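Structure first, then comments.
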Amino acid sequence: MPKINLLPTSISELIAAGEVVERPASVIKEMVENSIDAGATHITVEIQRGGILYMRITDDGCGISKDDVPLAFLRHATSKISTGSDLDFIKTLGFRGEALAATAAVSKIEMFTRSRDESIGSHYCIEGGKETLFEESGCPDGTTIIVRDLFYNTPARMKFLKKDVSEGNAVSALIERLALSHPEISFKLIREGKTVLSTVGDGKLESVIYSVLGRDFSKTLIPLQNENNAVTVNGFICKPVFCRQSRAGQYIFLNNRLIHSGTITAAVEQAYKNSAMVGKFPAFVINVNVPFDTVDVNVHPAKTEIRFSDEKRIFDTVYYAVKNALTLGDTRPTINVSVQKQAVMPNFNTNFKEYKQEKITDITPERTVLKTDTYSKPKIDINIVKEQPKVTTHNSAPSRMHDFGSTMLITKKETPKPEDLPTENVVRENVDTPIEKENNIQEELEIRLIGEAFLTYIVVECKNSIYLIDKHAAHERILFNELKNKLVVDVQTLLAPIQVKLGEKEYDAVLDNTELLLKSGFEIEDFGNNTVIVRAIPSTLLKEDVASVVVEAAAALSQKSNLEIEAFDRLYHTVACKAAIKAGNITNNLELLNLAKRVLNDRDVMYCPHGRPVAFELKKSDLEKQFGRIQ
């Protein structure tokens, strides 16, 4: 039997260092978190060769007293906890007392520090875990730590590091997240001698988002705030049309600590259901504050994984914070047209051998005079932006309008009859704005139908804007909302029950959800051999192919979910999509006009259930700029 040996300190420290120090970014994370715990208001990080060769972290925190400097580099030496009960109430970012010792074991460290109650500071050097210098030194209040030659004594670890650029990018991403988690602290990152990040530290999250993530990203954000049973949520989320292809733009903080949380991510993404495009992910910066004794951060050495004592409360608080923010802050997309550079016809002199360009001052700044002898028509560059719509909307408005149920929206393959067309294209409707409603004053809203493009997009004029509305997406969303809001779904019993053959997975899903299907308007029974019998369907599907609808509904149910609301949504998606009027089919003017009225007077009809925008606004002022009527 092999003999059990007690490992020497030099080896055990190298093993321990491997749990905390993985790369330069993990070193900087531990050092900067110590600076934050020390009460610093200004933190500067400088790296060379991605941090492998050189790292310097400078702060203006409380500093370390001379007697405590050597102790700070011993394992499990910390000023942040003293008893076992302190682990149940961790307020600081660091608490284990391992970071400095682990880093010192695999690098060369130099520290300058001075506490505020000392007249002179300390200069301390340690290499590979062994002290090489300890002397008094003049230095400002706070601490500066210089880390050189990371993994110089562990070449096996060195070969697993990535290229300098990749390691530097990891450090940059880390500092960005730390800056977002503490907007009250001014952060500066110097990379290869150049300042690549600088925040003002004014305590405003908007300022940090602008500095870290850029102006374009900051323009897409909606603020959110919610509180529930001592749990508070604040931050910013992106508008649904700006969701991304990946989760790279998601930042989660718990009590200002950078973390990864499947619970919070799921809550946000669930709130975006039916608003965000399928396959895209919302970007957000969210900080959740909870009582310290309701969360365990002592799960992983990196301290980014946590456990909640009540995950449901966290999920609900975040979900409703995001849902309310989207309801109040999201607006219809706007089409913004801009003029590209275009040529101007030259003026020839009398000899027709030379020509000159005259200075033109009465054109828009976007138009540039080019030295050319050709002339072309202006081209329009269309950008989709999001602004507050001109039309004031209300959830209660549809109840005062002409009924627009599924029975009215009958698509036709033939040309509509003259008697089906309205005598006027103008419909006047009284809608209360929020301010006017309080004063019992009504504003007359005028909507004029212009026509339909490509048998798909309704074009209407309302006030000083033109709206382009996707008729299928709009009707699909209206039906979806009606299904969700109805306590009892209208059901139609079939004269002849229909047998539907399903795949094994879909068959099992239907049998497992017969009660849910019944609540949604489907009466389905097992017929054996992967076949079901459909006896009743929602009345909105009377004109649809029942078998294909059931197949799609079964496929939707086969997508496993722990939330019943998701299963209902998937069923309602299927029903609404099948029952909605189809793009490419002829729809008479009255139906188009009534559909436009529903869309423009209902804030809940902004996206189809799959997340596609329902309508876009083109402002009159943009058109007038395009045609040169205004500057």
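Lettering and numbering for the structure tokens are positional, with chains as A, B, ... in the shown order, residues counted from 1 in each chain, and ligands counted from 1 in the shown order.
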
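Every residue of stretch 72-180 of chain A with a DSSP assignment of alpha helix (DSSP H), taken from the backbone, is listed as A:Ala99, A:Leu100, A:Ala101, A:Ala102, A:Thr103, A:Ala104, A:Ala105, A:Pro155, A:Ala156, A:Arg157, A:Met158, A:Asp164, A:Val165, A:Ser166, A:Glu167, A:Gly168, A:Asn169, A:Ala170, A:Val171, A:Ser172, A:Ala173, A:Leu174, A:Ile175, A:Glu176, A:Arg177, A:Leu178, A:Ala179, A:Leu180.
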
Write the residues of the selection above to a file with N, CA, C and O atoms, as a JSON list (two decimals), in the first residue's frame.
[["chain", "number", "residue", "atom", "x", "y", "z"],
["A", 99, "ALA", "N", -6.71, 34.86, -2.19],
["A", 99, "ALA", "CA", -6.31, 35.47, -3.46],
["A", 99, "ALA", "C", -4.84, 35.88, -3.46],
["A", 99, "ALA", "O", -4.07, 35.50, -4.35],
["A", 100, "LEU", "N", -4.41, 36.65, -2.45],
["A", 100, "LEU", "CA", -3.03, 37.13, -2.43],
["A", 100, "LEU", "C", -2.04, 35.98, -2.28],
["A", 100, "LEU", "O", -1.01, 35.93, -2.95],
["A", 101, "ALA", "N", -2.36, 35.04, -1.41],
["A", 101, "ALA", "CA", -1.47, 33.89, -1.21],
["A", 101, "ALA", "C", -1.36, 33.05, -2.47],
["A", 101, "ALA", "O", -0.27, 32.62, -2.85],
["A", 102, "ALA", "N", -2.48, 32.82, -3.13],
["A", 102, "ALA", "CA", -2.46, 32.01, -4.34],
["A", 102, "ALA", "C", -1.71, 32.70, -5.47],
["A", 102, "ALA", "O", -0.94, 32.06, -6.20],
["A", 103, "THR", "N", -1.89, 34.00, -5.62],
["A", 103, "THR", "CA", -1.20, 34.74, -6.67],
["A", 103, "THR", "C", 0.30, 34.80, -6.38],
["A", 103, "THR", "O", 1.13, 34.64, -7.29],
["A", 104, "ALA", "N", 0.66, 35.03, -5.12],
["A", 104, "ALA", "CA", 2.08, 35.11, -4.75],
["A", 104, "ALA", "C", 2.81, 33.79, -4.98],
["A", 104, "ALA", "O", 4.01, 33.78, -5.22],
["A", 105, "ALA", "N", 2.11, 32.69, -4.93],
["A", 105, "ALA", "CA", 2.74, 31.38, -5.11],
["A", 105, "ALA", "C", 3.18, 31.14, -6.54],
["A", 105, "ALA", "O", 4.05, 30.31, -6.79],
["A", 155, "PRO", "N", 5.60, 26.15, -15.42],
["A", 155, "PRO", "CA", 5.47, 26.17, -16.89],
["A", 155, "PRO", "C", 4.32, 25.31, -17.41],
["A", 155, "PRO", "O", 3.80, 25.58, -18.49],
["A", 156, "ALA", "N", 3.91, 24.30, -16.66],
["A", 156, "ALA", "CA", 2.78, 23.48, -17.11],
["A", 156, "ALA", "C", 1.50, 24.30, -17.19],
["A", 156, "ALA", "O", 0.65, 24.07, -18.06],
["A", 157, "ARG", "N", 1.35, 25.27, -16.27],
["A", 157, "ARG", "CA", 0.17, 26.14, -16.31],
["A", 157, "ARG", "C", 0.31, 27.20, -17.40],
["A", 157, "ARG", "O", -0.67, 27.60, -18.01],
["A", 158, "MET", "N", 1.54, 27.62, -17.65],
["A", 158, "MET", "CA", 1.78, 28.66, -18.63],
["A", 158, "MET", "C", 1.32, 28.24, -20.02],
["A", 158, "MET", "O", 0.76, 29.03, -20.78],
["A", 164, "ASP", "N", -1.77, 36.55, -26.10],
["A", 164, "ASP", "CA", -1.81, 37.79, -25.32],
["A", 164, "ASP", "C", -3.08, 38.59, -25.59],
["A", 164, "ASP", "O", -3.68, 39.16, -24.68],
["A", 165, "VAL", "N", -3.50, 38.63, -26.87],
["A", 165, "VAL", "CA", -4.70, 39.39, -27.21],
["A", 165, "VAL", "C", -5.93, 38.80, -26.54],
["A", 165, "VAL", "O", -6.78, 39.54, -25.98],
["A", 166, "SER", "N", -6.04, 37.49, -26.53],
["A", 166, "SER", "CA", -7.19, 36.84, -25.90],
["A", 166, "SER", "C", -7.21, 37.07, -24.40],
["A", 166, "SER", "O", -8.27, 37.35, -23.82],
["A", 167, "GLU", "N", -6.04, 36.98, -23.76],
["A", 167, "GLU", "CA", -5.99, 37.22, -22.32],
["A", 167, "GLU", "C", -6.30, 38.68, -22.01],
["A", 167, "GLU", "O", -6.99, 38.99, -21.04],
["A", 168, "GLY", "N", -5.82, 39.59, -22.86],
["A", 168, "GLY", "CA", -6.14, 41.01, -22.67],
["A", 168, "GLY", "C", -7.61, 41.29, -22.84],
["A", 168, "GLY", "O", -8.20, 42.10, -22.11],
["A", 169, "ASN", "N", -8.25, 40.62, -23.80],
["A", 169, "ASN", "CA", -9.69, 40.79, -24.01],
["A", 169, "ASN", "C", -10.48, 40.29, -22.79],
["A", 169, "ASN", "O", -11.50, 40.87, -22.42],
["A", 170, "ALA", "N", -10.01, 39.21, -22.18],
["A", 170, "ALA", "CA", -10.68, 38.70, -20.98],
["A", 170, "ALA", "C", -10.59, 39.70, -19.84],
["A", 170, "ALA", "O", -11.54, 39.89, -19.09],
["A", 171, "VAL", "N", -9.43, 40.35, -19.73],
["A", 171, "VAL", "CA", -9.28, 41.38, -18.69],
["A", 171, "VAL", "C", -10.21, 42.56, -18.96],
["A", 171, "VAL", "O", -10.88, 43.08, -18.06],
["A", 172, "SER", "N", -10.27, 42.98, -20.22],
["A", 172, "SER", "CA", -11.15, 44.11, -20.58],
["A", 172, "SER", "C", -12.60, 43.79, -20.26],
["A", 172, "SER", "O", -13.32, 44.63, -19.70],
["A", 173, "ALA", "N", -13.04, 42.58, -20.62],
["A", 173, "ALA", "CA", -14.43, 42.18, -20.35],
["A", 173, "ALA", "C", -14.70, 42.17, -18.85],
["A", 173, "ALA", "O", -15.79, 42.57, -18.39],
["A", 174, "LEU", "N", -13.73, 41.74, -18.06],
["A", 174, "LEU", "CA", -13.89, 41.71, -16.61],
["A", 174, "LEU", "C", -14.04, 43.12, -16.04],
["A", 174, "LEU", "O", -14.94, 43.37, -15.23],
["A", 175, "ILE", "N", -13.17, 44.02, -16.45],
["A", 175, "ILE", "CA", -13.23, 45.40, -15.92],
["A", 175, "ILE", "C", -14.54, 46.06, -16.32],
["A", 175, "ILE", "O", -15.13, 46.83, -15.54],
["A", 176, "GLU", "N", -15.02, 45.78, -17.52],
["A", 176, "GLU", "CA", -16.30, 46.33, -17.94],
["A", 176, "GLU", "C", -17.42, 45.88, -17.01],
["A", 176, "GLU", "O", -18.27, 46.69, -16.60],
["A", 177, "ARG", "N", -17.43, 44.61, -16.65],
["A", 177, "ARG", "CA", -18.47, 44.09, -15.77],
["A", 177, "ARG", "C", -18.34, 44.66, -14.37],
["A", 177, "ARG", "O", -19.36, 44.98, -13.72],
["A", 178, "LEU", "N", -17.13, 44.77, -13.88],
["A", 178, "LEU", "CA", -16.93, 45.35, -12.55],
["A", 178, "LEU", "C", -17.36, 46.82, -12.53],
["A", 178, "LEU", "O", -17.93, 47.29, -11.54],
["A", 179, "ALA", "N", -17.10, 47.54, -13.62],
["A", 179, "ALA", "CA", -17.52, 48.94, -13.69],
["A", 179, "ALA", "C", -19.03, 49.04, -13.70],
["A", 179, "ALA", "O", -19.62, 49.93, -13.05],
["A", 180, "LEU", "N", -19.70, 48.12, -14.41],
["A", 180, "LEU", "CA", -21.17, 48.13, -14.44],
["A", 180, "LEU", "C", -21.76, 47.79, -13.08],
["A", 180, "LEU", "O", -22.83, 48.28, -12.72]]

Compile the contact shell of stretch 58-61 of chain A as a short mmCIF file (atom, residue, chain, number, x, y, z; two decimals) with all heavy atoms, in the first residue's frame: residues with an atom at most 12 Å away, counting only C-alpha atoms, same-chain residues fewer than 4 positions apart removed.
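Generated file (around-v3.cif):
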data_model
loop_
_atom_site.label_atom_id
_atom_site.label_comp_id
_atom_site.auth_asym_id
_atom_site.auth_seq_id
_atom_site.Cartn_x
_atom_site.Cartn_y
_atom_site.Cartn_z
N ILE A 28 -6.74 39.67 -11.56
CA ILE A 28 -7.23 41.05 -11.49
C ILE A 28 -8.59 41.10 -10.82
O ILE A 28 -8.89 42.03 -10.06
CB ILE A 28 -7.26 41.66 -12.90
CG1 ILE A 28 -5.83 41.86 -13.39
CG2 ILE A 28 -8.02 42.98 -12.91
CD1 ILE A 28 -5.71 42.37 -14.80
N MET A 31 -7.98 41.03 -7.07
CA MET A 31 -7.34 42.25 -6.59
C MET A 31 -8.31 43.43 -6.61
O MET A 31 -8.37 44.22 -5.66
CB MET A 31 -6.10 42.56 -7.44
CG MET A 31 -5.06 41.47 -7.46
SD MET A 31 -4.40 41.12 -5.81
CE MET A 31 -3.31 39.75 -6.19
N VAL A 32 -9.08 43.56 -7.72
CA VAL A 32 -10.01 44.69 -7.81
C VAL A 32 -11.14 44.53 -6.80
O VAL A 32 -11.59 45.53 -6.21
CB VAL A 32 -10.56 44.80 -9.25
CG1 VAL A 32 -11.66 45.85 -9.32
CG2 VAL A 32 -9.44 45.15 -10.22
N GLU A 33 -11.60 43.32 -6.56
CA GLU A 33 -12.63 43.12 -5.55
C GLU A 33 -12.10 43.50 -4.17
O GLU A 33 -12.85 44.06 -3.35
CB GLU A 33 -13.11 41.67 -5.57
CG GLU A 33 -14.01 41.35 -6.76
CD GLU A 33 -14.53 39.93 -6.73
OE1 GLU A 33 -14.03 39.12 -5.91
OE2 GLU A 33 -15.45 39.62 -7.51
N ASN A 34 -10.84 43.24 -3.89
CA ASN A 34 -10.25 43.70 -2.62
C ASN A 34 -10.23 45.21 -2.56
O ASN A 34 -10.47 45.80 -1.49
CB ASN A 34 -8.82 43.15 -2.48
CG ASN A 34 -8.80 41.68 -2.08
OD1 ASN A 34 -9.78 41.15 -1.57
ND2 ASN A 34 -7.68 41.03 -2.34
N SER A 35 -9.95 45.87 -3.69
CA SER A 35 -9.96 47.33 -3.72
C SER A 35 -11.35 47.88 -3.46
O SER A 35 -11.52 48.87 -2.74
CB SER A 35 -9.45 47.83 -5.09
OG SER A 35 -8.12 47.44 -5.32
N ILE A 36 -12.36 47.23 -4.03
CA ILE A 36 -13.74 47.67 -3.80
C ILE A 36 -14.11 47.49 -2.33
O ILE A 36 -14.72 48.38 -1.71
CB ILE A 36 -14.70 46.88 -4.71
CG1 ILE A 36 -14.43 47.20 -6.18
CG2 ILE A 36 -16.16 47.19 -4.35
CD1 ILE A 36 -15.20 46.34 -7.15
N ASP A 37 -13.74 46.34 -1.76
CA ASP A 37 -14.02 46.11 -0.33
C ASP A 37 -13.30 47.11 0.55
O ASP A 37 -13.76 47.42 1.66
CB ASP A 37 -13.60 44.69 0.06
CG ASP A 37 -14.52 43.63 -0.55
OD1 ASP A 37 -15.67 43.97 -0.91
OD2 ASP A 37 -14.08 42.47 -0.67
N ALA A 38 -12.17 47.64 0.08
CA ALA A 38 -11.40 48.61 0.85
C ALA A 38 -11.97 50.02 0.76
O ALA A 38 -11.40 50.96 1.32
CB ALA A 38 -9.94 48.61 0.39
N GLY A 39 -13.08 50.19 0.05
CA GLY A 39 -13.73 51.49 -0.04
C GLY A 39 -13.14 52.41 -1.08
O GLY A 39 -13.31 53.64 -0.99
N ALA A 40 -12.47 51.88 -2.08
CA ALA A 40 -11.85 52.72 -3.10
C ALA A 40 -12.91 53.43 -3.94
O ALA A 40 -13.98 52.88 -4.21
CB ALA A 40 -10.95 51.87 -4.00
N THR A 41 -12.59 54.64 -4.38
CA THR A 41 -13.47 55.39 -5.29
C THR A 41 -12.83 55.54 -6.66
O THR A 41 -13.50 55.93 -7.62
CB THR A 41 -13.78 56.78 -4.72
OG1 THR A 41 -12.55 57.49 -4.49
CG2 THR A 41 -14.54 56.66 -3.41
N HIS A 42 -11.52 55.27 -6.75
CA HIS A 42 -10.81 55.30 -8.03
C HIS A 42 -9.93 54.06 -8.12
O HIS A 42 -9.11 53.81 -7.22
CB HIS A 42 -9.94 56.55 -8.18
CG HIS A 42 -10.72 57.84 -8.24
ND1 HIS A 42 -11.24 58.44 -7.11
CD2 HIS A 42 -11.09 58.60 -9.31
CE1 HIS A 42 -11.89 59.54 -7.47
NE2 HIS A 42 -11.81 59.65 -8.79
N ILE A 43 -10.09 53.29 -9.19
CA ILE A 43 -9.30 52.06 -9.38
C ILE A 43 -8.73 52.08 -10.80
O ILE A 43 -9.48 52.26 -11.77
CB ILE A 43 -10.16 50.79 -9.18
CG1 ILE A 43 -10.73 50.75 -7.75
CG2 ILE A 43 -9.34 49.54 -9.46
CD1 ILE A 43 -11.69 49.61 -7.51
N THR A 44 -7.42 51.90 -10.89
CA THR A 44 -6.75 51.87 -12.18
C THR A 44 -6.07 50.52 -12.37
O THR A 44 -5.37 50.04 -11.47
CB THR A 44 -5.69 52.98 -12.29
OG1 THR A 44 -6.32 54.25 -12.13
CG2 THR A 44 -5.00 52.93 -13.65
N VAL A 45 -6.31 49.91 -13.52
CA VAL A 45 -5.70 48.61 -13.85
C VAL A 45 -4.86 48.80 -15.11
O VAL A 45 -5.35 49.35 -16.11
CB VAL A 45 -6.78 47.53 -14.09
CG1 VAL A 45 -6.12 46.22 -14.52
CG2 VAL A 45 -7.61 47.33 -12.83
N GLU A 46 -3.62 48.34 -15.06
CA GLU A 46 -2.73 48.41 -16.22
C GLU A 46 -2.17 47.02 -16.49
O GLU A 46 -1.75 46.32 -15.57
CB GLU A 46 -1.59 49.39 -15.97
CG GLU A 46 -0.66 49.54 -17.16
CD GLU A 46 0.44 50.56 -16.93
OE1 GLU A 46 0.44 51.19 -15.86
OE2 GLU A 46 1.31 50.70 -17.82
N ILE A 47 -2.17 46.62 -17.77
CA ILE A 47 -1.65 45.30 -18.14
C ILE A 47 -0.72 45.42 -19.34
O ILE A 47 -0.84 46.35 -20.15
CB ILE A 47 -2.78 44.30 -18.46
CG1 ILE A 47 -3.62 44.80 -19.66
CG2 ILE A 47 -3.65 44.04 -17.26
CD1 ILE A 47 -4.64 43.80 -20.16
N GLU A 110 4.83 42.85 -6.05
CA GLU A 110 5.37 44.03 -5.37
C GLU A 110 4.19 44.87 -4.91
O GLU A 110 3.29 45.17 -5.69
CB GLU A 110 6.26 44.81 -6.33
CG GLU A 110 7.01 45.96 -5.69
CD GLU A 110 7.96 46.64 -6.67
OE1 GLU A 110 7.94 46.28 -7.87
OE2 GLU A 110 8.71 47.52 -6.24
N MET A 111 4.18 45.23 -3.63
CA MET A 111 3.07 46.00 -3.07
C MET A 111 3.55 47.29 -2.43
O MET A 111 4.54 47.30 -1.69
CB MET A 111 2.31 45.17 -2.02
CG MET A 111 1.23 45.96 -1.28
SD MET A 111 0.52 45.07 0.12
CE MET A 111 -0.62 44.00 -0.75
N PHE A 112 2.83 48.38 -2.71
CA PHE A 112 3.00 49.66 -2.02
C PHE A 112 1.67 49.98 -1.37
O PHE A 112 0.64 50.01 -2.04
CB PHE A 112 3.38 50.78 -2.99
CG PHE A 112 4.72 50.60 -3.65
CD1 PHE A 112 4.83 49.91 -4.85
CD2 PHE A 112 5.87 51.13 -3.06
CE1 PHE A 112 6.06 49.74 -5.45
CE2 PHE A 112 7.11 50.97 -3.67
CZ PHE A 112 7.21 50.27 -4.87
N THR A 113 1.65 50.23 -0.08
CA THR A 113 0.39 50.49 0.61
C THR A 113 0.60 51.39 1.81
O THR A 113 1.68 51.40 2.43
CB THR A 113 -0.27 49.17 1.06
OG1 THR A 113 -1.55 49.45 1.63
CG2 THR A 113 0.59 48.43 2.07
N ARG A 114 -0.43 52.15 2.12
CA ARG A 114 -0.41 52.99 3.33
C ARG A 114 -1.84 53.19 3.80
O ARG A 114 -2.73 53.53 3.01
CB ARG A 114 0.24 54.35 3.04
CG ARG A 114 0.50 55.16 4.32
CD ARG A 114 1.06 56.52 4.02
NE ARG A 114 0.02 57.47 3.65
CZ ARG A 114 0.23 58.76 3.40
NH1 ARG A 114 1.46 59.25 3.44
NH2 ARG A 114 -0.77 59.55 3.08
N SER A 115 -2.06 52.98 5.08
CA SER A 115 -3.37 53.24 5.66
C SER A 115 -3.49 54.71 6.01
O SER A 115 -2.47 55.41 6.16
CB SER A 115 -3.59 52.37 6.91
OG SER A 115 -2.63 52.69 7.90
N ARG A 116 -4.71 55.17 6.19
CA ARG A 116 -4.93 56.61 6.39
C ARG A 116 -4.41 57.11 7.73
O ARG A 116 -4.17 58.30 7.91
CB ARG A 116 -6.42 56.91 6.26
CG ARG A 116 -6.96 56.69 4.86
CD ARG A 116 -8.38 57.17 4.71
NE ARG A 116 -8.87 57.01 3.35
CZ ARG A 116 -9.53 55.97 2.90
NH1 ARG A 116 -9.82 54.97 3.73
NH2 ARG A 116 -9.93 55.90 1.65
N CYS A 139 4.37 56.68 -0.03
CA CYS A 139 3.34 56.37 -1.04
C CYS A 139 2.02 56.99 -0.61
O CYS A 139 1.83 57.29 0.58
CB CYS A 139 3.20 54.86 -1.23
SG CYS A 139 2.77 53.94 0.26
N PRO A 140 1.12 57.21 -1.53
CA PRO A 140 -0.17 57.82 -1.18
C PRO A 140 -1.06 56.84 -0.43
O PRO A 140 -0.78 55.64 -0.37
CB PRO A 140 -0.76 58.18 -2.54
CG PRO A 140 -0.15 57.21 -3.49
CD PRO A 140 1.24 56.96 -2.97
N ASP A 141 -2.14 57.34 0.12
CA ASP A 141 -3.12 56.48 0.77
C ASP A 141 -3.67 55.48 -0.24
O ASP A 141 -3.93 55.81 -1.40
CB ASP A 141 -4.28 57.29 1.35
CG ASP A 141 -3.84 58.15 2.52
OD1 ASP A 141 -2.72 57.93 3.01
OD2 ASP A 141 -4.62 59.03 2.93
N GLY A 142 -3.88 54.27 0.21
CA GLY A 142 -4.39 53.24 -0.67
C GLY A 142 -3.35 52.16 -0.93
O GLY A 142 -2.36 52.05 -0.19
N THR A 143 -3.58 51.39 -1.98
CA THR A 143 -2.72 50.24 -2.26
C THR A 143 -2.44 50.14 -3.75
O THR A 143 -3.34 50.33 -4.58
CB THR A 143 -3.39 48.93 -1.79
OG1 THR A 143 -3.65 49.03 -0.38
CG2 THR A 143 -2.48 47.73 -2.04
N THR A 144 -1.19 49.82 -4.08
CA THR A 144 -0.79 49.50 -5.44
C THR A 144 -0.12 48.14 -5.43
O THR A 144 0.84 47.91 -4.68
CB THR A 144 0.18 50.55 -6.01
OG1 THR A 144 -0.48 51.81 -6.09
CG2 THR A 144 0.65 50.14 -7.40
N ILE A 145 -0.64 47.22 -6.25
CA ILE A 145 -0.08 45.87 -6.35
C ILE A 145 0.40 45.65 -7.78
O ILE A 145 -0.35 45.86 -8.73
CB ILE A 145 -1.11 44.80 -5.96
CG1 ILE A 145 -1.49 44.95 -4.49
CG2 ILE A 145 -0.56 43.41 -6.22
CD1 ILE A 145 -2.52 43.94 -4.03
N ILE A 146 1.65 45.23 -7.91
CA ILE A 146 2.24 44.93 -9.22
C ILE A 146 2.54 43.44 -9.27
O ILE A 146 3.24 42.90 -8.41
CB ILE A 146 3.53 45.74 -9.46
CG1 ILE A 146 3.23 47.24 -9.39
CG2 ILE A 146 4.13 45.37 -10.82
CD1 ILE A 146 4.48 48.11 -9.43
N VAL A 147 1.97 42.77 -10.28
CA VAL A 147 2.16 41.32 -10.45
C VAL A 147 2.93 41.10 -11.75
O VAL A 147 2.48 41.52 -12.83
CB VAL A 147 0.81 40.58 -10.50
CG1 VAL A 147 1.04 39.08 -10.65
CG2 VAL A 147 -0.02 40.89 -9.26
N ILE A 185 -17.87 54.00 -8.58
CA ILE A 185 -16.41 53.94 -8.59
C ILE A 185 -15.90 54.28 -9.99
O ILE A 185 -16.44 53.80 -10.99
CB ILE A 185 -15.91 52.53 -8.18
CG1 ILE A 185 -16.37 52.20 -6.76
CG2 ILE A 185 -14.39 52.45 -8.27
CD1 ILE A 185 -15.99 50.80 -6.31
N SER A 186 -14.85 55.09 -10.06
CA SER A 186 -14.23 55.44 -11.33
C SER A 186 -13.19 54.38 -11.67
O SER A 186 -12.23 54.17 -10.93
CB SER A 186 -13.58 56.82 -11.24
OG SER A 186 -12.86 57.11 -12.42
N PHE A 187 -13.40 53.70 -12.80
CA PHE A 187 -12.47 52.67 -13.26
C PHE A 187 -11.69 53.17 -14.47
O PHE A 187 -12.24 53.86 -15.33
CB PHE A 187 -13.22 51.39 -13.65
CG PHE A 187 -13.74 50.59 -12.50
CD1 PHE A 187 -14.97 50.88 -11.93
CD2 PHE A 187 -13.00 49.54 -11.98
CE1 PHE A 187 -15.46 50.14 -10.87
CE2 PHE A 187 -13.47 48.79 -10.91
CZ PHE A 187 -14.71 49.09 -10.35
N LYS A 188 -10.43 52.77 -14.52
CA LYS A 188 -9.59 53.07 -15.69
C LYS A 188 -8.79 51.82 -16.04
O LYS A 188 -8.19 51.20 -15.17
CB LYS A 188 -8.65 54.24 -15.43
CG LYS A 188 -7.75 54.58 -16.63
CD LYS A 188 -6.77 55.69 -16.30
CE LYS A 188 -7.49 57.03 -16.19
NZ LYS A 188 -6.52 58.15 -16.02
N LEU A 189 -8.78 51.47 -17.32
CA LEU A 189 -8.01 50.32 -17.79
C LEU A 189 -7.00 50.81 -18.82
O LEU A 189 -7.37 51.42 -19.83
CB LEU A 189 -8.93 49.26 -18.41
CG LEU A 189 -8.22 48.08 -19.08
CD1 LEU A 189 -7.38 47.30 -18.07
CD2 LEU A 189 -9.24 47.15 -19.75
N ILE A 190 -5.73 50.52 -18.55
CA ILE A 190 -4.63 50.86 -19.47
C ILE A 190 -4.10 49.55 -20.04
O ILE A 190 -3.61 48.70 -19.30
CB ILE A 190 -3.53 51.64 -18.75
CG1 ILE A 190 -4.11 52.91 -18.10
CG2 ILE A 190 -2.40 51.99 -19.71
CD1 ILE A 190 -3.12 53.64 -17.22
#

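By only C-alpha atoms, and with residues fewer than 4 positions from A:Asn274 along its chain excluded, the set lying at most 10 Å from it is Pro240, Gln270, Val278, Arg477, Phe480, Asp569, Arg570, His573, Met606, Tyr607, Cys608, Pro609, His610, Gly611 and Arg612 of chain A.
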
Inset, instruction - Name all residues at most 8 Å from A:Cys462 (count only C-alpha atoms; drop same-chain ones fewer than 2 positions away) and give them as a ChimeraX atom specification. - result: /A:391,445-448,460,464-467

Just the residues within 9 Å of A:Gln559, please, counting only C-alpha atoms, with nothing from its chain fewer than 4 positions along; format it as an mmCIF file with all heavy atoms, in the first residue's frame.
data_model
loop_
_atom_site.group_PDB
_atom_site.id
_atom_site.type_symbol
_atom_site.label_atom_id
_atom_site.label_comp_id
_atom_site.auth_asym_id
_atom_site.auth_seq_id
_atom_site.Cartn_x
_atom_site.Cartn_y
_atom_site.Cartn_z
ATOM 1 N N ALA A 509 -46.771 13.788 -25.838
ATOM 2 C CA ALA A 509 -47.010 15.148 -25.358
ATOM 3 C C ALA A 509 -48.494 15.469 -25.291
ATOM 4 O O ALA A 509 -48.972 16.106 -24.339
ATOM 5 C CB ALA A 509 -46.287 16.158 -26.253
ATOM 6 N N ALA A 555 -46.564 19.353 -31.664
ATOM 7 C CA ALA A 555 -45.134 19.665 -31.752
ATOM 8 C C ALA A 555 -44.752 20.746 -30.746
ATOM 9 O O ALA A 555 -43.689 20.693 -30.128
ATOM 10 C CB ALA A 555 -44.790 20.102 -33.169
ATOM 11 N N ALA A 567 -46.522 26.516 -21.913
ATOM 12 C CA ALA A 567 -47.266 25.542 -22.718
ATOM 13 C C ALA A 567 -48.519 26.182 -23.309
ATOM 14 O O ALA A 567 -48.858 25.965 -24.482
ATOM 15 C CB ALA A 567 -47.624 24.336 -21.860
#

Legend entry - Using only C-alpha atoms: which of A:Thr304, A:Thr220, A:Asn324, A:Met277 has the shortest distance to A:His260: A:Thr304

Inset, instruction - Write down as a count of residues only the residues belonging to stretch 49-258 of chain A that are assigned strand (DSSP E) by DSSP computed on the backbone. - result: 69

Inset, instruction - Could you tell me which of A:Lys29, A:Arg307, A:Lys471, A:His182 comes closest to A:Gly201 if we count only C-alpha atoms? - result: A:His182

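Using only C-alpha atoms for every distance, the candidate list A:Ser65, A:Asn289, A:Gln225, A:Asn594 yields A:Gln225 as the residue closest to A:Leu328.
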